$ cat protein_23.cif   # mmCIF, C-alpha atoms and all ligand atoms
data_protein
loop_
_atom_site.label_atom_id
_atom_site.label_comp_id
_atom_site.auth_asym_id
_atom_site.auth_seq_id
_atom_site.Cartn_x
_atom_site.Cartn_y
_atom_site.Cartn_z
CA MET Y 1 65.01 -11.17 -46.09
CA ARG Y 2 63.50 -14.60 -45.42
CA VAL Y 3 61.83 -14.87 -42.02
CA LEU Y 4 60.39 -17.82 -40.08
CA VAL Y 5 57.93 -17.21 -37.24
CA VAL Y 6 57.43 -20.05 -34.75
CA GLY Y 7 53.84 -20.25 -33.43
CA GLY Y 8 50.33 -20.30 -34.79
CA GLY Y 9 47.83 -18.13 -32.91
CA GLY Y 10 46.43 -14.60 -32.99
CA ARG Y 11 49.65 -13.13 -31.67
CA GLU Y 12 51.67 -14.81 -34.42
CA HIS Y 13 49.16 -13.71 -37.07
CA THR Y 14 49.67 -10.11 -35.91
CA ILE Y 15 53.48 -10.45 -35.93
CA ILE Y 16 53.34 -11.97 -39.43
CA TRP Y 17 51.00 -9.20 -40.65
CA LYS Y 18 53.43 -6.60 -39.28
CA LEU Y 19 56.41 -8.36 -40.87
CA ALA Y 20 54.53 -8.40 -44.18
CA GLN Y 21 54.43 -4.55 -44.04
CA SER Y 22 58.24 -4.43 -44.03
CA SER Y 23 59.97 -3.56 -47.30
CA ARG Y 24 62.87 -5.68 -46.06
CA VAL Y 25 60.92 -8.95 -46.04
CA ASP Y 26 60.84 -11.05 -49.22
CA LYS Y 27 59.43 -14.30 -47.92
CA LEU Y 28 57.61 -15.37 -44.77
CA PHE Y 29 57.30 -18.84 -43.27
CA CYS Y 30 55.30 -19.84 -40.22
CA ALA Y 31 55.35 -23.07 -38.21
CA PRO Y 32 52.71 -24.28 -37.74
CA GLY Y 33 50.71 -21.12 -38.63
CA ASN Y 34 46.96 -21.11 -39.23
CA ALA Y 35 44.42 -20.35 -41.96
CA GLY Y 36 44.76 -16.56 -41.56
CA ILE Y 37 48.54 -16.59 -41.45
CA ALA Y 38 48.53 -18.57 -44.72
CA LYS Y 39 47.54 -15.38 -46.51
CA TYR Y 40 50.95 -13.84 -45.84
CA ALA Y 41 53.24 -16.76 -45.08
CA GLU Y 42 53.97 -20.26 -46.26
CA CYS Y 43 52.73 -22.40 -43.35
CA VAL Y 44 54.62 -25.57 -42.56
CA ASP Y 45 53.20 -28.29 -40.35
CA ILE Y 46 55.98 -28.46 -37.76
CA GLY Y 47 55.23 -28.11 -34.04
CA VAL Y 48 56.81 -25.35 -31.94
CA MET Y 49 58.75 -27.92 -29.88
CA GLU Y 50 60.11 -29.87 -32.86
CA TRP Y 51 63.39 -27.99 -32.95
CA ASP Y 52 65.41 -30.41 -35.09
CA ARG Y 53 62.76 -30.26 -37.78
CA LEU Y 54 62.49 -26.47 -37.49
CA ILE Y 55 66.28 -26.09 -37.81
CA HIS Y 56 66.38 -28.40 -40.81
CA PHE Y 57 63.51 -26.48 -42.47
CA ALA Y 58 65.04 -23.06 -41.75
CA LYS Y 59 68.39 -24.07 -43.20
CA GLU Y 60 66.85 -25.67 -46.25
CA LYS Y 61 64.81 -22.51 -46.95
CA GLN Y 62 67.78 -20.22 -46.21
CA VAL Y 63 65.89 -18.39 -43.49
CA GLU Y 64 67.80 -15.31 -42.27
CA LEU Y 65 65.76 -14.49 -39.19
CA VAL Y 66 63.75 -16.73 -36.85
CA VAL Y 67 61.20 -15.24 -34.44
CA VAL Y 68 60.11 -17.47 -31.56
CA ALA Y 69 56.78 -16.18 -30.22
CA PRO Y 70 55.22 -18.65 -27.70
CA ASP Y 71 56.31 -19.21 -24.09
CA ASP Y 72 56.82 -23.00 -24.19
CA PRO Y 73 59.70 -23.11 -26.69
CA LEU Y 74 61.29 -19.95 -25.25
CA VAL Y 75 61.30 -21.29 -21.69
CA ALA Y 76 62.58 -24.68 -22.86
CA GLY Y 77 65.54 -23.15 -24.74
CA ALA Y 78 64.53 -22.98 -28.42
CA VAL Y 79 66.55 -19.81 -29.01
CA ASP Y 80 69.70 -21.49 -27.65
CA ALA Y 81 69.13 -24.46 -29.97
CA PHE Y 82 68.53 -22.30 -33.05
CA GLU Y 83 71.53 -20.09 -32.31
CA ALA Y 84 73.74 -23.14 -31.80
CA ALA Y 85 72.67 -24.24 -35.29
CA GLY Y 86 73.80 -20.87 -36.66
CA LEU Y 87 70.35 -19.30 -37.07
CA ARG Y 88 69.87 -15.61 -36.26
CA THR Y 89 67.01 -15.69 -33.75
CA PHE Y 90 64.79 -13.14 -31.99
CA GLY Y 91 63.79 -14.06 -28.45
CA PRO Y 92 65.34 -14.61 -25.02
CA ARG Y 93 67.64 -17.56 -24.36
CA LYS Y 94 66.60 -20.14 -21.79
CA GLU Y 95 68.58 -18.53 -18.96
CA ALA Y 96 66.66 -15.26 -19.54
CA ALA Y 97 63.22 -16.74 -20.34
CA ILE Y 98 63.19 -18.12 -16.78
CA LEU Y 99 61.76 -14.70 -15.92
CA GLU Y 100 58.47 -16.18 -17.18
CA GLY Y 101 59.29 -19.87 -16.74
CA SER Y 102 59.58 -19.80 -12.96
CA LYS Y 103 57.40 -17.58 -10.81
CA ALA Y 104 59.52 -18.53 -7.77
CA PHE Y 105 62.60 -17.29 -9.63
CA SER Y 106 60.93 -14.04 -10.67
CA LYS Y 107 59.66 -13.33 -7.14
CA ASP Y 108 63.09 -13.93 -5.56
CA PHE Y 109 64.64 -11.81 -8.33
CA MET Y 110 62.28 -8.88 -7.68
CA LYS Y 111 62.86 -9.11 -3.95
CA LYS Y 112 66.64 -9.16 -4.38
CA TYR Y 113 66.61 -6.09 -6.64
CA HIS Y 114 63.85 -4.15 -4.83
CA ILE Y 115 61.47 -4.20 -7.78
CA PRO Y 116 57.94 -3.53 -6.44
CA THR Y 117 55.78 -6.66 -6.32
CA ALA Y 118 53.31 -8.37 -3.96
CA ALA Y 119 54.70 -9.86 -0.72
CA TYR Y 120 55.10 -13.67 -1.03
CA GLU Y 121 56.59 -16.93 0.17
CA ASN Y 122 57.83 -19.82 -1.99
CA PHE Y 123 57.21 -23.45 -1.04
CA ASP Y 124 58.36 -26.78 -2.41
CA ASN Y 125 56.52 -28.77 0.20
CA ALA Y 126 52.71 -28.88 0.58
CA GLU Y 127 52.73 -29.29 4.38
CA GLU Y 128 54.71 -26.12 4.89
CA ALA Y 129 52.48 -24.25 2.45
CA LEU Y 130 49.36 -25.46 4.32
CA ALA Y 131 50.81 -24.39 7.67
CA TYR Y 132 51.69 -20.96 6.25
CA ILE Y 133 48.29 -20.18 4.74
CA LYS Y 134 46.62 -20.80 8.12
CA THR Y 135 48.41 -17.68 9.37
CA ALA Y 136 48.07 -15.59 6.20
CA LYS Y 137 45.69 -12.75 5.44
CA LEU Y 138 42.75 -13.47 3.09
CA PRO Y 139 42.14 -13.31 0.19
CA ILE Y 140 45.37 -14.99 -0.83
CA VAL Y 141 46.85 -15.84 -4.22
CA LEU Y 142 48.35 -19.24 -5.08
CA LYS Y 143 50.56 -19.60 -8.14
CA ALA Y 144 52.03 -22.74 -9.64
CA ASP Y 145 55.71 -22.02 -10.24
CA GLY Y 146 55.95 -23.13 -13.87
CA LEU Y 147 54.06 -22.57 -17.13
CA ALA Y 148 50.38 -23.52 -16.85
CA LEU Y 149 48.69 -21.96 -19.90
CA GLY Y 150 47.86 -18.91 -17.80
CA LYS Y 151 45.67 -21.08 -15.56
CA GLY Y 152 48.02 -21.77 -12.67
CA VAL Y 153 46.87 -18.80 -10.57
CA LEU Y 154 44.18 -19.27 -7.92
CA ILE Y 155 42.67 -16.40 -5.96
CA CYS Y 156 41.30 -17.83 -2.71
CA ASN Y 157 38.80 -15.96 -0.53
CA THR Y 158 38.57 -18.51 2.30
CA LEU Y 159 41.00 -20.77 4.12
CA GLU Y 160 39.11 -23.81 2.76
CA GLU Y 161 39.58 -22.61 -0.81
CA ALA Y 162 43.26 -21.98 -0.16
CA GLU Y 163 43.75 -25.45 1.34
CA ALA Y 164 41.97 -27.02 -1.63
CA GLY Y 165 44.13 -24.89 -3.95
CA VAL Y 166 47.39 -26.08 -2.43
CA LYS Y 167 46.16 -29.64 -2.83
CA THR Y 168 45.14 -29.06 -6.47
CA ILE Y 169 48.47 -27.54 -7.43
CA MET Y 170 51.02 -29.43 -5.28
CA LEU Y 171 49.48 -32.83 -4.55
CA ASP Y 172 46.99 -33.56 -7.37
CA LYS Y 173 49.40 -31.85 -9.80
CA GLN Y 174 46.61 -30.39 -11.91
CA PHE Y 175 49.23 -28.30 -13.73
CA GLY Y 176 51.78 -31.10 -13.84
CA SER Y 177 55.36 -30.37 -12.82
CA ALA Y 178 54.56 -26.62 -12.93
CA GLY Y 179 53.12 -27.30 -9.46
CA ASN Y 180 56.28 -28.78 -7.91
CA ARG Y 181 56.81 -25.38 -6.34
CA LEU Y 182 54.21 -22.92 -5.17
CA VAL Y 183 54.24 -19.15 -4.71
CA VAL Y 184 51.81 -17.89 -2.06
CA GLU Y 185 51.25 -14.22 -2.62
CA GLU Y 186 49.53 -11.21 -1.08
CA PHE Y 187 46.32 -10.19 -2.90
CA LEU Y 188 46.67 -6.81 -4.60
CA LEU Y 189 43.81 -4.47 -5.42
CA GLY Y 190 43.94 -2.18 -8.41
CA ARG Y 191 43.71 -1.86 -12.13
CA GLU Y 192 45.80 -4.14 -14.35
CA VAL Y 193 47.91 -2.89 -17.22
CA SER Y 194 50.00 -4.84 -19.72
CA VAL Y 195 53.18 -3.15 -20.86
CA LEU Y 196 55.21 -4.82 -23.61
CA SER Y 197 58.77 -3.77 -24.28
CA PHE Y 198 61.68 -4.48 -26.61
CA VAL Y 199 64.97 -5.28 -24.89
CA ASP Y 200 68.48 -5.72 -26.32
CA GLY Y 201 70.26 -6.81 -23.15
CA LYS Y 202 70.97 -3.26 -21.97
CA THR Y 203 68.41 -0.88 -23.45
CA ILE Y 204 64.66 -1.20 -23.01
CA LYS Y 205 62.03 0.55 -25.16
CA ILE Y 206 58.43 0.51 -24.02
CA MET Y 207 55.56 -0.13 -26.42
CA SER Y 208 52.17 1.54 -26.02
CA SER Y 209 50.26 0.17 -23.00
CA ALA Y 210 47.25 -2.17 -23.16
CA GLN Y 211 44.64 -3.81 -20.98
CA ASP Y 212 43.44 -7.40 -21.29
CA HIS Y 213 40.11 -8.96 -20.19
CA LYS Y 214 40.93 -12.40 -18.83
CA ARG Y 215 37.55 -13.68 -17.63
CA ALA Y 216 35.21 -15.49 -19.99
CA LYS Y 217 32.04 -13.51 -19.24
CA ASP Y 218 30.85 -9.91 -19.09
CA ASN Y 219 31.59 -7.94 -15.91
CA ASP Y 220 34.70 -10.07 -15.36
CA GLU Y 221 32.68 -13.12 -14.38
CA GLY Y 222 33.32 -16.72 -15.37
CA LEU Y 223 36.57 -18.62 -15.69
CA ASN Y 224 39.99 -17.27 -16.58
CA THR Y 225 40.82 -17.53 -20.28
CA GLY Y 226 43.78 -16.75 -22.49
CA GLY Y 227 42.21 -13.29 -22.99
CA MET Y 228 38.83 -12.20 -24.40
CA GLY Y 229 39.78 -8.76 -25.66
CA THR Y 230 42.11 -5.81 -25.25
CA PHE Y 231 42.41 -2.09 -25.72
CA SER Y 232 45.41 0.15 -26.23
CA PRO Y 233 46.53 2.56 -24.89
CA SER Y 234 45.35 2.24 -21.29
CA PRO Y 235 44.04 5.63 -20.18
CA PHE Y 236 45.02 4.68 -16.61
CA TYR Y 237 48.67 4.35 -17.52
CA THR Y 238 49.59 8.01 -17.04
CA GLU Y 239 52.89 9.73 -17.78
CA GLU Y 240 53.57 9.86 -14.06
CA ILE Y 241 53.14 6.09 -13.78
CA ASP Y 242 55.29 5.57 -16.87
CA THR Y 243 58.10 7.65 -15.34
CA TYR Y 244 57.89 5.72 -12.07
CA CYS Y 245 57.94 2.35 -13.86
CA LYS Y 246 60.91 3.30 -16.05
CA GLU Y 247 62.90 4.20 -12.96
CA HIS Y 248 61.77 1.49 -10.55
CA ILE Y 249 60.69 -1.45 -12.71
CA TYR Y 250 61.73 -1.53 -16.39
CA GLN Y 251 65.39 -0.51 -16.45
CA PRO Y 252 66.10 -2.16 -13.06
CA THR Y 253 64.73 -5.45 -14.44
CA VAL Y 254 66.99 -5.33 -17.50
CA ASP Y 255 70.06 -4.29 -15.47
CA ALA Y 256 69.43 -6.94 -12.84
CA MET Y 257 69.06 -9.70 -15.44
CA ARG Y 258 72.42 -8.69 -16.84
CA ALA Y 259 73.94 -8.62 -13.37
CA GLU Y 260 72.63 -12.17 -12.86
CA GLY Y 261 74.40 -13.33 -16.04
CA ARG Y 262 71.00 -13.73 -17.72
CA GLU Y 263 71.12 -11.00 -20.36
CA PHE Y 264 67.60 -10.58 -21.75
CA LYS Y 265 67.08 -9.98 -25.47
CA GLY Y 266 63.56 -10.03 -26.86
CA VAL Y 267 60.22 -8.88 -25.51
CA ILE Y 268 59.52 -8.45 -21.80
CA PHE Y 269 55.84 -8.20 -20.96
CA PHE Y 270 55.23 -6.52 -17.62
CA GLY Y 271 51.89 -7.47 -16.05
CA LEU Y 272 51.35 -4.54 -13.69
CA MET Y 273 48.83 -3.81 -10.96
CA LEU Y 274 48.30 -0.10 -10.34
CA THR Y 275 47.80 -0.19 -6.56
CA GLU Y 276 47.25 2.65 -4.10
CA GLU Y 277 50.89 2.29 -3.11
CA GLY Y 278 52.02 2.58 -6.72
CA PRO Y 279 52.55 0.15 -9.61
CA LYS Y 280 53.62 -3.40 -8.74
CA VAL Y 281 54.67 -6.29 -10.97
CA LEU Y 282 52.12 -9.14 -11.01
CA GLU Y 283 54.11 -11.19 -13.47
CA TYR Y 284 56.73 -11.10 -16.17
CA ASN Y 285 56.31 -12.79 -19.52
CA ALA Y 286 59.22 -13.34 -21.87
CA ARG Y 287 57.22 -12.74 -25.07
CA PHE Y 288 54.51 -10.71 -26.76
CA GLY Y 289 51.09 -10.96 -25.07
CA ASP Y 290 48.03 -12.48 -26.69
CA PRO Y 291 45.71 -10.60 -27.38
CA GLU Y 292 47.73 -7.48 -26.40
CA THR Y 293 49.83 -7.79 -29.57
CA GLN Y 294 46.64 -7.50 -31.64
CA VAL Y 295 46.12 -3.90 -30.41
CA VAL Y 296 49.74 -2.80 -29.96
CA LEU Y 297 51.49 -3.78 -33.21
CA PRO Y 298 48.86 -2.28 -35.55
CA ARG Y 299 49.65 1.08 -33.88
CA MET Y 300 53.44 0.73 -34.15
CA LYS Y 301 55.01 2.92 -36.83
CA ASN Y 302 58.47 1.30 -37.04
CA ASP Y 303 59.55 -1.44 -39.40
CA ILE Y 304 59.50 -4.43 -37.05
CA VAL Y 305 62.50 -6.06 -38.77
CA ASP Y 306 64.66 -3.06 -37.78
CA VAL Y 307 63.50 -3.43 -34.18
CA PHE Y 308 64.03 -7.22 -34.04
CA GLU Y 309 67.53 -6.81 -35.46
CA ALA Y 310 68.38 -4.00 -33.03
CA CYS Y 311 67.38 -6.26 -30.12
CA ILE Y 312 69.62 -9.05 -31.41
CA ASP Y 313 72.56 -6.73 -32.18
CA GLY Y 314 72.38 -4.65 -29.00
CA THR Y 315 71.64 -1.42 -30.90
CA LEU Y 316 68.15 -0.66 -29.63
CA ASP Y 317 69.36 2.74 -28.38
CA HIS Y 318 69.46 3.82 -32.06
CA ILE Y 319 65.77 2.99 -32.60
CA ASP Y 320 63.17 5.71 -32.15
CA LEU Y 321 60.17 3.53 -31.28
CA GLN Y 322 56.97 5.29 -32.33
CA PHE Y 323 53.25 4.64 -32.00
CA GLU Y 324 50.32 6.27 -33.73
CA ASP Y 325 48.41 8.83 -31.70
CA ASN Y 326 45.17 6.84 -31.82
CA ALA Y 327 43.64 3.79 -30.16
CA ALA Y 328 42.79 0.18 -30.95
CA VAL Y 329 40.35 -2.35 -29.51
CA CYS Y 330 40.37 -6.13 -30.07
CA VAL Y 331 37.30 -8.27 -29.41
CA VAL Y 332 37.92 -12.01 -29.36
CA LEU Y 333 35.34 -14.19 -31.11
CA ALA Y 334 35.36 -17.51 -29.28
CA SER Y 335 33.51 -20.82 -29.46
CA ASP Y 336 30.61 -20.86 -27.00
CA GLY Y 337 31.66 -22.91 -23.97
CA TYR Y 338 35.33 -21.81 -24.02
CA PRO Y 339 37.45 -22.25 -21.90
CA GLU Y 340 35.75 -25.55 -20.95
CA HIS Y 341 33.82 -27.60 -23.49
CA TYR Y 342 33.11 -26.38 -26.98
CA GLU Y 343 32.58 -27.70 -30.47
CA LYS Y 344 34.71 -26.78 -33.45
CA GLY Y 345 34.82 -27.36 -37.19
CA PHE Y 346 32.13 -24.78 -38.13
CA PRO Y 347 32.58 -22.76 -41.36
CA ILE Y 348 33.34 -19.05 -40.85
CA ASP Y 349 31.61 -16.45 -43.04
CA GLY Y 350 32.46 -12.80 -43.59
CA LEU Y 351 36.25 -12.81 -43.38
CA ASP Y 352 36.52 -11.12 -46.80
CA ALA Y 353 34.79 -8.01 -45.41
CA PHE Y 354 38.12 -7.06 -43.80
CA ASP Y 355 40.06 -7.04 -47.08
CA ALA Y 356 41.22 -3.57 -48.00
CA LYS Y 357 39.41 -1.99 -45.03
CA ASP Y 358 41.90 0.39 -43.52
CA GLY Y 359 42.16 0.19 -39.75
CA TYR Y 360 40.17 -3.07 -39.44
CA TYR Y 361 41.85 -6.43 -38.96
CA VAL Y 362 40.81 -9.99 -38.32
CA PHE Y 363 43.60 -12.00 -36.69
CA HIS Y 364 43.10 -15.75 -36.64
CA ALA Y 365 43.64 -17.63 -33.38
CA GLY Y 366 42.02 -21.05 -33.85
CA THR Y 367 41.07 -21.64 -37.48
CA LYS Y 368 42.01 -24.12 -40.15
CA LEU Y 369 41.41 -24.81 -43.78
CA SER Y 370 39.13 -27.76 -44.36
CA GLY Y 371 37.94 -28.76 -47.84
CA GLY Y 372 38.66 -25.27 -49.17
CA GLU Y 373 36.76 -23.54 -46.36
CA ILE Y 374 38.04 -21.77 -43.26
CA VAL Y 375 36.52 -23.43 -40.19
CA THR Y 376 36.72 -22.88 -36.42
CA ASN Y 377 39.49 -24.88 -34.79
CA GLY Y 378 39.83 -23.75 -31.19
CA GLY Y 379 38.34 -22.01 -28.18
CA ARG Y 380 39.51 -18.61 -29.25
CA VAL Y 381 38.77 -18.39 -32.96
CA LEU Y 382 39.41 -14.84 -34.16
CA GLY Y 383 40.51 -11.47 -32.82
CA VAL Y 384 38.68 -8.57 -34.44
CA THR Y 385 40.76 -5.38 -34.09
CA ALA Y 386 39.78 -1.88 -35.13
CA LYS Y 387 41.53 1.40 -34.76
CA GLY Y 388 39.87 4.73 -34.06
CA GLU Y 389 40.82 8.30 -33.25
CA ASP Y 390 40.24 7.53 -29.59
CA LEU Y 391 39.31 4.52 -27.47
CA LYS Y 392 35.56 5.01 -27.72
CA ARG Y 393 35.61 5.22 -31.48
CA ALA Y 394 37.97 2.25 -31.70
CA ARG Y 395 35.58 0.25 -29.53
CA ALA Y 396 32.55 1.19 -31.62
CA ASN Y 397 34.45 0.25 -34.77
CA ALA Y 398 35.60 -3.09 -33.36
CA TYR Y 399 32.12 -4.10 -32.21
CA ALA Y 400 30.65 -3.06 -35.58
CA ALA Y 401 33.22 -5.29 -37.29
CA THR Y 402 32.37 -8.29 -35.09
CA GLU Y 403 28.99 -8.27 -36.87
CA TRP Y 404 30.64 -8.92 -40.23
CA ILE Y 405 31.65 -12.39 -39.08
CA SER Y 406 29.37 -15.32 -38.49
CA PHE Y 407 29.83 -18.93 -37.44
CA GLU Y 408 27.78 -21.37 -35.43
CA ASN Y 409 28.39 -21.03 -31.66
CA LYS Y 410 30.10 -17.63 -32.03
CA TYR Y 411 30.60 -16.12 -28.57
CA MET Y 412 32.10 -12.83 -27.41
CA ARG Y 413 32.12 -10.49 -24.46
CA HIS Y 414 30.09 -7.35 -24.99
CA ASP Y 415 31.95 -5.18 -22.48
CA ILE Y 416 35.51 -5.08 -23.81
CA GLY Y 417 36.81 -1.61 -23.00
CA LYS Y 418 33.99 -0.80 -20.58
CA ALA Y 419 36.62 0.72 -18.26
CA ILE Y 420 37.11 3.47 -20.84
CA ASP Y 421 33.78 4.98 -19.73
CA GLU Y 422 35.17 5.56 -16.23
CA VAL Y 423 37.81 7.98 -17.47
P1 LIG E 501 49.54 -13.96 -13.52
O1 LIG E 501 49.60 -15.16 -14.43
O2 LIG E 501 50.56 -13.99 -12.42
O3 LIG E 501 49.46 -12.64 -14.25
O4 LIG E 501 48.11 -14.05 -12.83
C1 LIG E 501 46.93 -14.14 -13.60
C2 LIG E 501 45.93 -13.15 -13.10
O5 LIG E 501 45.64 -13.36 -11.72
C3 LIG E 501 46.42 -11.70 -13.16
O6 LIG E 501 46.23 -11.16 -14.42
C4 LIG E 501 45.57 -11.06 -12.11
O7 LIG E 501 44.28 -10.78 -12.60
C5 LIG E 501 45.45 -12.14 -11.07
N1 LIG E 501 46.49 -11.97 -10.04
C6 LIG E 501 47.74 -12.49 -10.05
N2 LIG E 501 48.43 -12.14 -8.95
C7 LIG E 501 47.60 -11.39 -8.20
C8 LIG E 501 47.73 -10.70 -6.95
N3 LIG E 501 48.85 -10.78 -6.22
N4 LIG E 501 46.67 -10.00 -6.50
C9 LIG E 501 45.54 -9.94 -7.23
N5 LIG E 501 45.35 -10.55 -8.40
C10 LIG E 501 46.36 -11.26 -8.90
N1 LIG E 502 47.26 -11.73 -22.37
C1 LIG E 502 48.08 -12.30 -21.40
C2 LIG E 502 49.18 -13.11 -21.89
O1 LIG E 502 49.54 -13.09 -23.06
O2 LIG E 502 49.80 -13.81 -21.09
#
$ encode --input "protein_23.cif" --output "structure tokens" --more "lines below"
Ligand code: AMP
Ligand code: GLY
Amino acid sequence: MRVLVVGGGGREHTIIWKLAQSSRVDKLFCAPGNAGIAKYAECVDIGVMEWDRLIHFAKEKQVELVVVAPDDPLVAGAVDAFEAAGLRTFGPRKEAAILEGSKAFSKDFMKKYHIPTAAYENFDNAEEALAYIKTAKLPIVLKADGLALGKGVLICNTLEEAEAGVKTIMLDKQFGSAGNRLVVEEFLLGREVSVLSFVDGKTIKIMSSAQDHKRAKDNDEGLNTGGMGTFSPSPFYTEEIDTYCKEHIYQPTVDAMRAEGREFKGVIFFGLMLTEEGPKVLEYNARFGDPETQVVLPRMKNDIVDVFEACIDGTLDHIDLQFEDNAAVCVVLASDGYPEHYEKGFPIDGLDAFDAKDGYYVFHAGTKLSGGEIVTNGGRVLGVTAKGEDLKRARANAYAATEWISFENKYMRHDIGKAIDEV
């Protein structure tokens, strides 16, 4: 089979690596890809929003399966466009991807179907939002309605911060049109868990759980980032919690989307907060998480082509989704200064150390080939993943492997998976 993956970060590198394990795959393409992906796939310099060019390329290369990984094209309707052109495509259509594309939609949806989430109000007018926050309990959470690179969420501890936040999002439009509407939400306390799932419209199968580390600095200090590291499984995601979520969150979400005429096929990512009152949904994403994918897929036993096809064909109930009984940790190597100002273009040494090392992986996020060398090309540069018998060993292995890599201005958190020690 000939497969095209749309995207070019660490998540896509992991998906491509997993596809390359499949005996059913003959040829892989990736648009735009990156220097690491180029090892497994032919990378083509087409952007993820250039759908006409992508369709033309896929048809010319006789691609039999397209996988759309990033949120932007999914939310904007890439799957609809590819399907209309006759391409078999994995991912939710636009009407379903709204689950991630509009936080106001997803909050109203959860309320309507009694899916546990934080209390909230939606606003499309800044004056009303300002009047409301004067009466609300602090701290309070402000969320831009639309996609904002994971940065459109502000946690405000004082009324002044909240007022400034409303202004930033709705009046100054720091996140562009994503801030035309605002969700004002109750602050929840608890531990966060990321649960990814495969969905075929009716059936949902849960992948092994994971936990992300969103802040830039150790001890969860510093600015929010795309994710500085992950571990899987989460020891806090117990069987009891899993049972509760299956009954009250996962299947109800899939059923309710169908009832709304928005049948969801693809990956739903449940961002959960484990609160004292039970698990609540912080957010839905309509795609694999980054860097959750880097610790979840290396532990998945199934051929991913079988699973993608089952989601498209509505036969996921026939798939016995299985994960290895071990653990994985991913430590992101970033450019010092990320997520604000950083330099790039530095040569990366040590990548070869991962070749033929079982259970160790280096997934490229922001790299490129320049004059025959692989150089840094983004804030998040690489994700170093290692497996281990348990979380502690996986963590020790991952941190050992971070030492194999060197580049100027290499930066990482040193406390990825620290929560494991509390178990
Ligand atoms: P989101 O994009 O909605 O997942 O929000 C980004 C991050 O903000 C989450 O991963 C949480 O760490 C935090 N967050 C979002 N909503 C809340 C909430 N209601 N209470 C506490 N923290 C939150
Ligand atoms: N790691 C969080 C996300 O992919 O949105």
$ residues_around --input "protein_23.cif" --residues "Ala216 in chain Y" --least-positions-apart "4" --cutoff "12 Å" --atoms "all atoms listed in the file" --output "PyMOL selection string"
chain Y and resi 212+220-229+332-340+379-380+411-416
$ residues_near_ligand --input "protein_23.cif" --ligand "ligand LIG 502 (chain E)" --cutoff "8 Å" --atoms "all atoms listed in the file" --output "list in words"
Gly150, Ser194, Asp212, His213, Lys214, Gly226, Gly227, Asn285, Arg287, Phe288, Gly289, Asp290, Pro291 and Glu292 of chain Y
$ write_last_selection --input "protein_23.cif" --atoms "C-alpha atoms" --output "PDB file, keeping the file's coordinate frame"
ATOM      1  CA  GLY Y 150      47.860 -18.910 -17.800  1.00  0.00           C
ATOM      2  CA  SER Y 194      50.000  -4.840 -19.720  1.00  0.00           C
ATOM      3  CA  ASP Y 212      43.440  -7.400 -21.290  1.00  0.00           C
ATOM      4  CA  HIS Y 213      40.110  -8.960 -20.190  1.00  0.00           C
ATOM      5  CA  LYS Y 214      40.930 -12.400 -18.830  1.00  0.00           C
ATOM      6  CA  GLY Y 226      43.780 -16.750 -22.490  1.00  0.00           C
ATOM      7  CA  GLY Y 227      42.210 -13.290 -22.990  1.00  0.00           C
ATOM      8  CA  ASN Y 285      56.310 -12.790 -19.520  1.00  0.00           C
ATOM      9  CA  ARG Y 287      57.220 -12.740 -25.070  1.00  0.00           C
ATOM     10  CA  PHE Y 288      54.510 -10.710 -26.760  1.00  0.00           C
ATOM     11  CA  GLY Y 289      51.090 -10.960 -25.070  1.00  0.00           C
ATOM     12  CA  ASP Y 290      48.030 -12.480 -26.690  1.00  0.00           C
ATOM     13  CA  PRO Y 291      45.710 -10.600 -27.380  1.00  0.00           C
ATOM     14  CA  GLU Y 292      47.730  -7.480 -26.400  1.00  0.00           C
TER      15      GLU Y 292
END
$ residues_around --input "protein_23.cif" --residues "range 314-317 of chain Y" --least-positions-apart "4" --cutoff "7 Å" --atoms "all atoms listed in the file" --output "MDAnalysis selection string"
chainID Y and resid 200:201 203 310
$ residues_around --input "protein_23.cif" --residues "Gly33 in chain Y" --least-positions-apart "5" --cutoff "7 Å" --atoms "only C-alpha atoms" --output "PyMOL selection string"
chain Y and resi 7-8+38+43
$ atom_distance --input "protein_23.cif" --atom1 "CA of Glu185 in chain Y" --atom2 "CA of Leu149 in chain Y"
19.1 Å
$ residues_near_ligand --input "protein_23.cif" --ligand "ligand LIG 501 (chain E)" --cutoff "9 Å" --atoms "only C-alpha atoms and all ligand atoms" --output "PyMOL selection string"
chain Y and resi 103+117-120+139-143+148-155+184-193+212-215+224+271-273+281-285
$ closest_residue --input "protein_23.cif" --among "Y:His318, Y:Ile16, Y:Lys59, Y:Gly47" --to "Ala31 in chain Y" --atoms "only C-alpha atoms"
Y:Gly47
$ atom_distance --input "protein_23.cif" --atom1 "CA of Phe123 in chain Y" --atom2 "CA of Phe175 in chain Y"
15.8 Å
$ residues_around --input "protein_23.cif" --residues "Arg262 in chain Y" --least-positions-apart "2" --cutoff "7 Å" --atoms "all atoms listed in the file" --output "ChimeraX atom specification"
/Y:95-96,257-258,260,264
$ atom_distance --input "protein_23.cif" --atom1 "CA of Lys368 in chain Y" --atom2 "CA of Phe90 in chain Y"
26.6 Å
$ closest_residue --input "protein_23.cif" --among "Y:Glu343, Y:Ala286, Y:Lys111, Y:Val166" --to "Pro73 in chain Y" --atoms "all atoms listed in the file"
Y:Ala286
$ closest_residue --input "protein_23.cif" --among "Y:Val295, Y:Leu54, Y:Asp255, Y:Ala353" --to "Gln211 in chain Y" --atoms "only C-alpha atoms"
Y:Val295
$ closest_residue --input "protein_23.cif" --among "Y:Lys217, Y:Lys107, Y:Arg11, Y:Lys357" --to "Thr253 in chain Y" --atoms "all atoms listed in the file"
Y:Lys107
$ closest_residue --input "protein_23.cif" --among "Y:Asp313, Y:Glu83, Y:Glu247, Y:Asp145" --to "Asp108 in chain Y" --atoms "all atoms listed in the file"
Y:Asp145
